[in-house]
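File shown: run.pdb (PDB, C-alpha atoms and all ligand atoms).
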ATOM      1  CA  MET A   1      22.236 -17.175  79.916  1.00  0.00           C
ATOM      2  CA  ARG A   2      20.436 -17.776  83.222  1.00  0.00           C
ATOM      3  CA  LEU A   3      17.012 -19.324  82.877  1.00  0.00           C
ATOM      4  CA  ILE A   4      14.232 -20.742  84.981  1.00  0.00           C
ATOM      5  CA  LEU A   5      11.932 -23.417  83.606  1.00  0.00           C
ATOM      6  CA  LEU A   6       8.519 -23.527  85.309  1.00  0.00           C
ATOM      7  CA  GLY A   7       5.617 -25.918  84.884  1.00  0.00           C
ATOM      8  CA  PRO A   8       3.702 -28.634  86.705  1.00  0.00           C
ATOM      9  CA  PRO A   9       5.015 -32.181  87.172  1.00  0.00           C
ATOM     10  CA  GLY A  10       4.854 -33.998  83.845  1.00  0.00           C
ATOM     11  CA  ALA A  11       4.877 -30.786  81.783  1.00  0.00           C
ATOM     12  CA  GLY A  12       8.082 -31.787  80.009  1.00  0.00           C
ATOM     13  CA  LYS A  13      10.511 -29.518  81.877  1.00  0.00           C
ATOM     14  CA  GLY A  14      13.238 -32.170  81.999  1.00  0.00           C
ATOM     15  CA  THR A  15      13.014 -32.931  78.266  1.00  0.00           C
ATOM     16  CA  GLN A  16      13.059 -29.274  77.277  1.00  0.00           C
ATOM     17  CA  ALA A  17      15.827 -28.464  79.754  1.00  0.00           C
ATOM     18  CA  GLN A  18      18.034 -31.081  78.057  1.00  0.00           C
ATOM     19  CA  ARG A  19      17.445 -29.418  74.707  1.00  0.00           C
ATOM     20  CA  LEU A  20      18.288 -25.994  76.135  1.00  0.00           C
ATOM     21  CA  VAL A  21      21.484 -27.535  77.542  1.00  0.00           C
ATOM     22  CA  ALA A  22      22.428 -28.717  74.051  1.00  0.00           C
ATOM     23  CA  ARG A  23      21.540 -25.395  72.441  1.00  0.00           C
ATOM     24  CA  TYR A  24      23.169 -22.999  74.877  1.00  0.00           C
ATOM     25  CA  GLY A  25      25.916 -25.153  76.398  1.00  0.00           C
ATOM     26  CA  ILE A  26      24.868 -24.384  79.942  1.00  0.00           C
ATOM     27  CA  PRO A  27      24.040 -26.952  82.631  1.00  0.00           C
ATOM     28  CA  GLN A  28      20.572 -27.993  83.798  1.00  0.00           C
ATOM     29  CA  LEU A  29      20.344 -27.579  87.555  1.00  0.00           C
ATOM     30  CA  SER A  30      17.488 -29.797  88.696  1.00  0.00           C
ATOM     31  CA  THR A  31      16.845 -29.743  92.434  1.00  0.00           C
ATOM     32  CA  GLY A  32      14.828 -32.965  91.989  1.00  0.00           C
ATOM     33  CA  ASP A  33      17.848 -34.724  90.404  1.00  0.00           C
ATOM     34  CA  MET A  34      20.182 -33.363  93.073  1.00  0.00           C
ATOM     35  CA  LEU A  35      17.846 -34.463  95.857  1.00  0.00           C
ATOM     36  CA  ARG A  36      17.442 -37.934  94.321  1.00  0.00           C
ATOM     37  CA  ALA A  37      21.250 -38.203  94.159  1.00  0.00           C
ATOM     38  CA  ALA A  38      21.441 -37.181  97.833  1.00  0.00           C
ATOM     39  CA  VAL A  39      18.832 -39.813  98.749  1.00  0.00           C
ATOM     40  CA  LYS A  40      20.756 -42.467  96.819  1.00  0.00           C
ATOM     41  CA  ALA A  41      24.042 -41.489  98.448  1.00  0.00           C
ATOM     42  CA  GLY A  42      22.430 -41.463 101.900  1.00  0.00           C
ATOM     43  CA  THR A  43      23.706 -37.958 102.753  1.00  0.00           C
ATOM     44  CA  PRO A  44      22.143 -36.072 105.708  1.00  0.00           C
ATOM     45  CA  VAL A  45      20.105 -33.989 103.209  1.00  0.00           C
ATOM     46  CA  GLY A  46      18.989 -37.158 101.441  1.00  0.00           C
ATOM     47  CA  LEU A  47      17.938 -38.821 104.684  1.00  0.00           C
ATOM     48  CA  LYS A  48      15.867 -35.750 105.601  1.00  0.00           C
ATOM     49  CA  ALA A  49      14.274 -35.418 102.159  1.00  0.00           C
ATOM     50  CA  LYS A  50      13.415 -39.023 101.257  1.00  0.00           C
ATOM     51  CA  ALA A  51      10.046 -39.495 102.986  1.00  0.00           C
ATOM     52  CA  VAL A  52       8.719 -36.097 101.862  1.00  0.00           C
ATOM     53  CA  MET A  53       9.804 -36.744  98.277  1.00  0.00           C
ATOM     54  CA  ASP A  54       8.346 -40.247  98.143  1.00  0.00           C
ATOM     55  CA  ALA A  55       4.995 -38.865  99.310  1.00  0.00           C
ATOM     56  CA  GLY A  56       5.078 -36.081  96.707  1.00  0.00           C
ATOM     57  CA  GLY A  57       5.448 -33.176  99.151  1.00  0.00           C
ATOM     58  CA  LEU A  58       7.953 -30.330  99.030  1.00  0.00           C
ATOM     59  CA  VAL A  59      11.319 -30.441 100.768  1.00  0.00           C
ATOM     60  CA  SER A  60      12.006 -27.420 103.013  1.00  0.00           C
ATOM     61  CA  ASP A  61      12.989 -24.147 101.375  1.00  0.00           C
ATOM     62  CA  ASP A  62      16.214 -23.999 103.446  1.00  0.00           C
ATOM     63  CA  ILE A  63      17.473 -27.282 102.030  1.00  0.00           C
ATOM     64  CA  VAL A  64      16.848 -26.501  98.362  1.00  0.00           C
ATOM     65  CA  VAL A  65      18.022 -22.884  98.611  1.00  0.00           C
ATOM     66  CA  GLY A  66      21.277 -24.153 100.174  1.00  0.00           C
ATOM     67  CA  ILE A  67      21.708 -26.731  97.410  1.00  0.00           C
ATOM     68  CA  ILE A  68      21.230 -24.136  94.640  1.00  0.00           C
ATOM     69  CA  ASN A  69      23.406 -21.545  96.367  1.00  0.00           C
ATOM     70  CA  ASP A  70      26.321 -24.013  96.373  1.00  0.00           C
ATOM     71  CA  ARG A  71      25.615 -25.411  92.920  1.00  0.00           C
ATOM     72  CA  ILE A  72      25.642 -22.107  91.043  1.00  0.00           C
ATOM     73  CA  GLU A  73      29.121 -21.423  92.445  1.00  0.00           C
ATOM     74  CA  GLU A  74      30.530 -24.418  90.555  1.00  0.00           C
ATOM     75  CA  ALA A  75      32.715 -23.829  87.517  1.00  0.00           C
ATOM     76  CA  ASP A  76      30.287 -25.198  84.908  1.00  0.00           C
ATOM     77  CA  ALA A  77      27.557 -22.784  86.036  1.00  0.00           C
ATOM     78  CA  LYS A  78      29.703 -19.675  85.632  1.00  0.00           C
ATOM     79  CA  LYS A  79      28.504 -18.964  82.105  1.00  0.00           C
ATOM     80  CA  GLY A  80      24.890 -19.672  82.932  1.00  0.00           C
ATOM     81  CA  PHE A  81      22.394 -22.338  83.935  1.00  0.00           C
ATOM     82  CA  ILE A  82      18.849 -23.601  83.565  1.00  0.00           C
ATOM     83  CA  LEU A  83      16.989 -24.004  86.817  1.00  0.00           C
ATOM     84  CA  ASP A  84      14.578 -26.936  86.570  1.00  0.00           C
ATOM     85  CA  GLY A  85      12.253 -27.540  89.522  1.00  0.00           C
ATOM     86  CA  PHE A  86      13.484 -24.490  91.431  1.00  0.00           C
ATOM     87  CA  PRO A  87      12.113 -22.102  92.660  1.00  0.00           C
ATOM     88  CA  ARG A  88       8.969 -23.961  93.692  1.00  0.00           C
ATOM     89  CA  THR A  89       7.673 -21.477  96.279  1.00  0.00           C
ATOM     90  CA  VAL A  90       7.568 -17.683  96.368  1.00  0.00           C
ATOM     91  CA  ALA A  91       9.942 -17.821  99.368  1.00  0.00           C
ATOM     92  CA  GLN A  92      12.436 -19.738  97.184  1.00  0.00           C
ATOM     93  CA  ALA A  93      12.018 -17.177  94.394  1.00  0.00           C
ATOM     94  CA  GLU A  94      12.736 -14.358  96.834  1.00  0.00           C
ATOM     95  CA  ALA A  95      15.753 -16.234  98.210  1.00  0.00           C
ATOM     96  CA  LEU A  96      16.993 -16.724  94.642  1.00  0.00           C
ATOM     97  CA  ASP A  97      16.661 -12.978  93.955  1.00  0.00           C
ATOM     98  CA  ARG A  98      18.751 -12.206  97.038  1.00  0.00           C
ATOM     99  CA  MET A  99      21.287 -14.890  96.154  1.00  0.00           C
ATOM    100  CA  LEU A 100      21.750 -13.621  92.595  1.00  0.00           C
ATOM    101  CA  ALA A 101      21.953  -9.978  93.714  1.00  0.00           C
ATOM    102  CA  GLN A 102      24.626 -10.946  96.224  1.00  0.00           C
ATOM    103  CA  LYS A 103      26.620 -12.694  93.512  1.00  0.00           C
ATOM    104  CA  GLY A 104      26.074  -9.795  91.064  1.00  0.00           C
ATOM    105  CA  LEU A 105      24.119 -12.034  88.651  1.00  0.00           C
ATOM    106  CA  LYS A 106      20.881 -11.477  86.718  1.00  0.00           C
ATOM    107  CA  LEU A 107      18.209 -13.794  85.332  1.00  0.00           C
ATOM    108  CA  ASP A 108      17.639 -13.620  81.580  1.00  0.00           C
ATOM    109  CA  ALA A 109      14.188 -15.214  81.440  1.00  0.00           C
ATOM    110  CA  VAL A 110      11.606 -17.317  83.204  1.00  0.00           C
ATOM    111  CA  LEU A 111       9.997 -19.815  80.834  1.00  0.00           C
ATOM    112  CA  GLU A 112       6.716 -21.453  81.740  1.00  0.00           C
ATOM    113  CA  LEU A 113       5.276 -24.575  80.108  1.00  0.00           C
ATOM    114  CA  LYS A 114       1.489 -24.332  80.212  1.00  0.00           C
ATOM    115  CA  VAL A 115      -0.278 -27.687  80.078  1.00  0.00           C
ATOM    116  CA  ASP A 116      -3.737 -29.127  80.415  1.00  0.00           C
ATOM    117  CA  GLU A 117      -3.830 -30.707  83.878  1.00  0.00           C
ATOM    118  CA  LYS A 118      -5.994 -33.580  82.643  1.00  0.00           C
ATOM    119  CA  ALA A 119      -3.120 -34.764  80.436  1.00  0.00           C
ATOM    120  CA  LEU A 120      -0.534 -34.800  83.199  1.00  0.00           C
ATOM    121  CA  LEU A 121      -1.377 -38.067  84.960  1.00  0.00           C
ATOM    122  CA  ALA A 122      -1.289 -39.880  81.611  1.00  0.00           C
ATOM    123  CA  ARG A 123       2.143 -38.363  80.908  1.00  0.00           C
ATOM    124  CA  ILE A 124       3.498 -39.486  84.285  1.00  0.00           C
ATOM    125  CA  GLU A 125       2.140 -43.021  83.737  1.00  0.00           C
ATOM    126  CA  ASN A 126       3.703 -43.032  80.294  1.00  0.00           C
ATOM    127  CA  ARG A 127       7.056 -41.867  81.705  1.00  0.00           C
ATOM    128  CA  ALA A 128       6.955 -44.757  84.211  1.00  0.00           C
ATOM    129  CA  ARG A 129       6.133 -47.253  81.423  1.00  0.00           C
ATOM    130  CA  GLU A 130       8.918 -45.977  79.164  1.00  0.00           C
ATOM    131  CA  THR A 131      11.424 -46.097  82.006  1.00  0.00           C
ATOM    132  CA  VAL A 132      10.546 -49.731  82.732  1.00  0.00           C
ATOM    133  CA  ALA A 133      10.730 -50.608  79.031  1.00  0.00           C
ATOM    134  CA  ALA A 134      14.227 -49.065  78.893  1.00  0.00           C
ATOM    135  CA  GLY A 135      15.275 -51.179  81.891  1.00  0.00           C
ATOM    136  CA  GLY A 136      15.416 -48.203  84.262  1.00  0.00           C
ATOM    137  CA  ALA A 137      14.019 -47.695  87.764  1.00  0.00           C
ATOM    138  CA  VAL A 138      10.745 -45.787  88.092  1.00  0.00           C
ATOM    139  CA  ARG A 139      10.813 -42.767  90.389  1.00  0.00           C
ATOM    140  CA  ALA A 140       9.239 -43.527  93.762  1.00  0.00           C
ATOM    141  CA  ASP A 141       6.935 -40.526  93.277  1.00  0.00           C
ATOM    142  CA  ASP A 142       5.762 -41.418  89.738  1.00  0.00           C
ATOM    143  CA  ASN A 143       2.584 -43.118  90.934  1.00  0.00           C
ATOM    144  CA  PRO A 144      -0.989 -41.771  91.001  1.00  0.00           C
ATOM    145  CA  GLU A 145      -1.108 -41.162  94.781  1.00  0.00           C
ATOM    146  CA  ALA A 146       2.150 -39.190  95.024  1.00  0.00           C
ATOM    147  CA  PHE A 147       1.348 -37.473  91.742  1.00  0.00           C
ATOM    148  CA  LYS A 148      -1.873 -36.051  93.170  1.00  0.00           C
ATOM    149  CA  VAL A 149       0.071 -34.627  96.125  1.00  0.00           C
ATOM    150  CA  ARG A 150       2.687 -33.184  93.719  1.00  0.00           C
ATOM    151  CA  LEU A 151      -0.005 -31.544  91.621  1.00  0.00           C
ATOM    152  CA  ASP A 152      -1.689 -30.125  94.740  1.00  0.00           C
ATOM    153  CA  ALA A 153       1.692 -28.771  95.916  1.00  0.00           C
ATOM    154  CA  TYR A 154       2.172 -27.232  92.479  1.00  0.00           C
ATOM    155  CA  ARG A 155      -1.228 -25.515  92.519  1.00  0.00           C
ATOM    156  CA  ALA A 156      -0.892 -24.206  96.049  1.00  0.00           C
ATOM    157  CA  GLN A 157       2.786 -23.316  96.212  1.00  0.00           C
ATOM    158  CA  THR A 158       4.327 -23.145  92.751  1.00  0.00           C
ATOM    159  CA  ALA A 159       1.588 -21.522  90.640  1.00  0.00           C
ATOM    160  CA  PRO A 160       2.131 -18.269  92.649  1.00  0.00           C
ATOM    161  CA  VAL A 161       5.774 -18.332  91.504  1.00  0.00           C
ATOM    162  CA  SER A 162       4.586 -17.712  87.913  1.00  0.00           C
ATOM    163  CA  ALA A 163       2.605 -14.706  89.116  1.00  0.00           C
ATOM    164  CA  TYR A 164       5.677 -13.499  91.017  1.00  0.00           C
ATOM    165  CA  TYR A 165       7.769 -13.422  87.827  1.00  0.00           C
ATOM    166  CA  GLU A 166       4.905 -12.131  85.722  1.00  0.00           C
ATOM    167  CA  GLY A 167       4.721  -9.170  88.079  1.00  0.00           C
ATOM    168  CA  LYS A 168       8.378  -8.517  87.345  1.00  0.00           C
ATOM    169  CA  GLY A 169       7.778  -8.701  83.581  1.00  0.00           C
ATOM    170  CA  ALA A 170      10.135 -11.703  83.300  1.00  0.00           C
ATOM    171  CA  LEU A 171       7.651 -14.487  82.476  1.00  0.00           C
ATOM    172  CA  LYS A 172       7.415 -16.027  79.005  1.00  0.00           C
ATOM    173  CA  THR A 173       4.701 -18.649  78.601  1.00  0.00           C
ATOM    174  CA  VAL A 174       4.799 -21.422  76.010  1.00  0.00           C
ATOM    175  CA  ASP A 175       2.167 -24.031  75.080  1.00  0.00           C
ATOM    176  CA  GLY A 176       3.512 -27.253  76.611  1.00  0.00           C
ATOM    177  CA  MET A 177       0.786 -29.380  74.979  1.00  0.00           C
ATOM    178  CA  ALA A 178       2.314 -28.968  71.523  1.00  0.00           C
ATOM    179  CA  PRO A 179       4.598 -31.708  70.080  1.00  0.00           C
ATOM    180  CA  ILE A 180       8.025 -31.773  71.790  1.00  0.00           C
ATOM    181  CA  ASP A 181       9.883 -30.187  68.837  1.00  0.00           C
ATOM    182  CA  ASP A 182       7.325 -27.391  68.584  1.00  0.00           C
ATOM    183  CA  VAL A 183       7.692 -26.637  72.297  1.00  0.00           C
ATOM    184  CA  THR A 184      11.471 -26.471  71.830  1.00  0.00           C
ATOM    185  CA  ALA A 185      11.034 -24.070  68.890  1.00  0.00           C
ATOM    186  CA  ALA A 186       8.618 -21.900  70.874  1.00  0.00           C
ATOM    187  CA  LEU A 187      11.084 -21.707  73.767  1.00  0.00           C
ATOM    188  CA  ALA A 188      13.910 -20.706  71.419  1.00  0.00           C
ATOM    189  CA  LYS A 189      11.666 -18.045  69.894  1.00  0.00           C
ATOM    190  CA  ALA A 190      10.681 -16.751  73.345  1.00  0.00           C
ATOM    191  CA  LEU A 191      14.374 -16.373  74.141  1.00  0.00           C
ATOM    192  CA  GLY A 192      14.853 -14.375  70.959  1.00  0.00           C
TER
HETATM  193  P1  LIG A 201      11.155 -33.041  90.456  1.00  0.00           P
HETATM  194  O1  LIG A 201      12.180 -33.992  89.926  1.00  0.00           O
HETATM  195  O2  LIG A 201      11.443 -31.601  90.120  1.00  0.00           O
HETATM  196  O3  LIG A 201       9.745 -33.436  90.122  1.00  0.00           O
HETATM  197  O4  LIG A 201      11.265 -33.112  92.052  1.00  0.00           O
HETATM  198  C1  LIG A 201      11.000 -34.308  92.746  1.00  0.00           C
HETATM  199  C2  LIG A 201      10.719 -34.002  94.216  1.00  0.00           C
HETATM  200  O5  LIG A 201      11.866 -33.386  94.817  1.00  0.00           O
HETATM  201  C3  LIG A 201       9.584 -33.036  94.469  1.00  0.00           C
HETATM  202  O6  LIG A 201       8.315 -33.657  94.461  1.00  0.00           O
HETATM  203  C4  LIG A 201       9.949 -32.503  95.854  1.00  0.00           C
HETATM  204  O7  LIG A 201       9.683 -33.465  96.870  1.00  0.00           O
HETATM  205  C5  LIG A 201      11.450 -32.387  95.760  1.00  0.00           C
HETATM  206  N1  LIG A 201      11.868 -31.080  95.229  1.00  0.00           N
HETATM  207  C6  LIG A 201      12.522 -30.827  94.045  1.00  0.00           C
HETATM  208  N2  LIG A 201      12.753 -29.517  93.886  1.00  0.00           N
HETATM  209  C7  LIG A 201      12.227 -28.906  94.989  1.00  0.00           C
HETATM  210  C8  LIG A 201      12.120 -27.547  95.417  1.00  0.00           C
HETATM  211  N3  LIG A 201      12.613 -26.551  94.665  1.00  0.00           N
HETATM  212  N4  LIG A 201      11.509 -27.307  96.597  1.00  0.00           N
HETATM  213  C9  LIG A 201      11.027 -28.289  97.357  1.00  0.00           C
HETATM  214  N5  LIG A 201      11.073 -29.591  97.020  1.00  0.00           N
HETATM  215  C10 LIG A 201      11.664 -29.906  95.848  1.00  0.00           C
END
Rewrite the structure from the file as structure tokens, please.
Amino acid sequence: MRLILLGPPGAGKGTQAQRLVARYGIPQLSTGDMLRAAVKAGTPVGLKAKAVMDAGGLVSDDIVVGIINDRIEEADAKKGFILDGFPRTVAQAEALDRMLAQKGLKLDAVLELKVDEKALLARIENRARETVAAGGAVRADDNPEAFKVRLDAYRAQTAPVSAYYEGKGALKTVDGMAPIDDVTAALAKALG
């Protein structure tokens, strides 16, 4: 099963992706996680991406397309994967189409979590609070300033990605404002 999970920052993509991982036994490929790991490890990609990420902007298409191209070649992704946070621009979606065609692979579904934008900042603040309470480190971009930039980037660059997949008849939209378990059930139902 090859899936894409779409939705604005704070929509619950990470939480739902983990549940899909458990249900289908396929890995979650999060470009955000991979980029944060690169920043932490101080790789050339990480050094390039850090300032943009901290400010809430988007890393260049070339970098993330390269990361995903390599990652889906790995053994654990052979039976499928859940893309979380990628593609984030129409150019990335087109690059993904070319990449999959070249590898002889097909997407099974594009799942979108629809949420009320007004609730998102509160969710991000809550995520930061819960992380601190659990003794973890808060993401550098989980603050109101960077969040606004992330939401603007989503509206301008990622919302058109939903339309791109809708045009292909691949988009399945789920109410992301429902309780977490209900969202999980709706996603499972959408996948048939
Ligand atoms: P996320 O964990 O998905 O919220 O991603 C955190 C940050 O990583 C984003 O705000 C971007 O700076 C960067 N990032 C993650 N995925 C992508 C992508 N597909 N394209 C561009 N930038 C990305």
(request) Would you write out, as a ChimeraX atom specification, every residue that the PyMOL selection byres (((not hetatm)) within 9 of (chain A and resi 201)) captures in this file? (result) /A:8-10,13-14,30-36,49-65,68,84-89,92,139,141-142,146-147,149-150,153
(message) I'd like the neighbourhood of Phe81 (chain A) as a ChimeraX atom specification, where a residue qualifies if any of its atoms comes within 7 Å (using all atoms listed in the file), though same-chain residues fewer than 5 positions away should be ignored.
(response) /A:1-3,26-29
How about saving the chosen residues, C-alpha atoms kept, as an mmCIF file, in the frame of the given file?
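Final output, result_36.cif:
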data_model
loop_
_atom_site.group_PDB
_atom_site.id
_atom_site.type_symbol
_atom_site.label_atom_id
_atom_site.label_comp_id
_atom_site.auth_asym_id
_atom_site.auth_seq_id
_atom_site.Cartn_x
_atom_site.Cartn_y
_atom_site.Cartn_z
ATOM 1 C CA MET A 1 22.236 -17.175 79.916
ATOM 2 C CA ARG A 2 20.436 -17.776 83.222
ATOM 3 C CA LEU A 3 17.012 -19.324 82.877
ATOM 4 C CA ILE A 26 24.868 -24.384 79.942
ATOM 5 C CA PRO A 27 24.040 -26.952 82.631
ATOM 6 C CA GLN A 28 20.572 -27.993 83.798
ATOM 7 C CA LEU A 29 20.344 -27.579 87.555
#
Expand the PyMOL selection byres (((chain A and resi 184) around 12) and not hetatm) into the explicit residue set it covers here, and present it as a PDB file with C-alpha atoms, in the frame of the given file.
ATOM      1  CA  GLY A  12       8.082 -31.787  80.009  1.00  0.00           C
ATOM      2  CA  LYS A  13      10.511 -29.518  81.877  1.00  0.00           C
ATOM      3  CA  GLY A  14      13.238 -32.170  81.999  1.00  0.00           C
ATOM      4  CA  THR A  15      13.014 -32.931  78.266  1.00  0.00           C
ATOM      5  CA  GLN A  16      13.059 -29.274  77.277  1.00  0.00           C
ATOM      6  CA  ALA A  17      15.827 -28.464  79.754  1.00  0.00           C
ATOM      7  CA  GLN A  18      18.034 -31.081  78.057  1.00  0.00           C
ATOM      8  CA  ARG A  19      17.445 -29.418  74.707  1.00  0.00           C
ATOM      9  CA  LEU A  20      18.288 -25.994  76.135  1.00  0.00           C
ATOM     10  CA  VAL A  21      21.484 -27.535  77.542  1.00  0.00           C
ATOM     11  CA  ALA A  22      22.428 -28.717  74.051  1.00  0.00           C
ATOM     12  CA  ARG A  23      21.540 -25.395  72.441  1.00  0.00           C
ATOM     13  CA  LEU A 111       9.997 -19.815  80.834  1.00  0.00           C
ATOM     14  CA  LEU A 113       5.276 -24.575  80.108  1.00  0.00           C
ATOM     15  CA  VAL A 174       4.799 -21.422  76.010  1.00  0.00           C
ATOM     16  CA  ASP A 175       2.167 -24.031  75.080  1.00  0.00           C
ATOM     17  CA  GLY A 176       3.512 -27.253  76.611  1.00  0.00           C
ATOM     18  CA  MET A 177       0.786 -29.380  74.979  1.00  0.00           C
ATOM     19  CA  ALA A 178       2.314 -28.968  71.523  1.00  0.00           C
ATOM     20  CA  PRO A 179       4.598 -31.708  70.080  1.00  0.00           C
ATOM     21  CA  ILE A 180       8.025 -31.773  71.790  1.00  0.00           C
ATOM     22  CA  ASP A 181       9.883 -30.187  68.837  1.00  0.00           C
ATOM     23  CA  ASP A 182       7.325 -27.391  68.584  1.00  0.00           C
ATOM     24  CA  VAL A 183       7.692 -26.637  72.297  1.00  0.00           C
ATOM     25  CA  ALA A 185      11.034 -24.070  68.890  1.00  0.00           C
ATOM     26  CA  ALA A 186       8.618 -21.900  70.874  1.00  0.00           C
ATOM     27  CA  LEU A 187      11.084 -21.707  73.767  1.00  0.00           C
ATOM     28  CA  ALA A 188      13.910 -20.706  71.419  1.00  0.00           C
ATOM     29  CA  LYS A 189      11.666 -18.045  69.894  1.00  0.00           C
ATOM     30  CA  ALA A 190      10.681 -16.751  73.345  1.00  0.00           C
ATOM     31  CA  LEU A 191      14.374 -16.373  74.141  1.00  0.00           C
TER      32      LEU A 191
END
(message) Considering all atoms listed in the file, can you say which of A:Asp97, A:Asp116, A:Asp108, A:Glu74 comes closest to Lys172 (chain A)?
(response) A:Asp108
(request) Compare A:Glu117, A:Glu112, A:Tyr154, A:Asn69 by their minimum atom-to-atom distance to Leu96 (chain A), counting all atoms listed in the file, and give me the closest one. (result) A:Asn69
(request) Select, from A:Leu107, A:Asn143, A:Gly66, A:Met99, the residue with the minimum atom-to-atom distance to Leu120 (chain A), counting all atoms listed in the file. (result)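 Ranked by minimum distance to Leu120 (chain A), first place goes to A:Asn143.
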(message) Rounded to one decimal, what separation in Å do you get between CA of Gly192 (chain A) and CA of Gly7 (chain A)?
(response)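 It comes out at 20.3 Å.
A straight line drawn from CA of Lys48 (chain A) to CA of Ala156 (chain A) is 22.5 Å long.
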(request) Would you work out the distance separating CA of Lys40 (chain A) from CA of Ala140 (chain A), expressed in Å to one decimal? (result) 12.0 Å
(request) Rank nothing, just name the residue among A:Leu47, A:Ile67, A:Leu83, A:Ala134 nearest to Val110 (chain A), using all atoms listed in the file. (result)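 Nearest to Val110 (chain A): A:Leu83.
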(message) Using only C-alpha atoms for the distances, tell me which of A:Gly135, A:Pro144, A:Gly167, A:Gly104 is nearest to Arg123 (chain A).
(response)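 With only C-alpha atoms as the atom set, the closest residue is A:Pro144.
Checking A:Lys103, A:Leu5, A:Asn126, A:Ile82 one by one against Ser162 (chain A), counting all atoms listed in the file, you find the shortest gap at A:Leu5.
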Please, what is the axis-aligned box for every listed atom of region 127-142 of chain A with 5 Å on each side, as centre and edge lengths in Å to one decimal, as JSON?
{"center_x": 10.6, "center_y": -45.9, "center_z": 86.3, "size_x": 19.7, "size_y": 20.7, "size_z": 24.9}
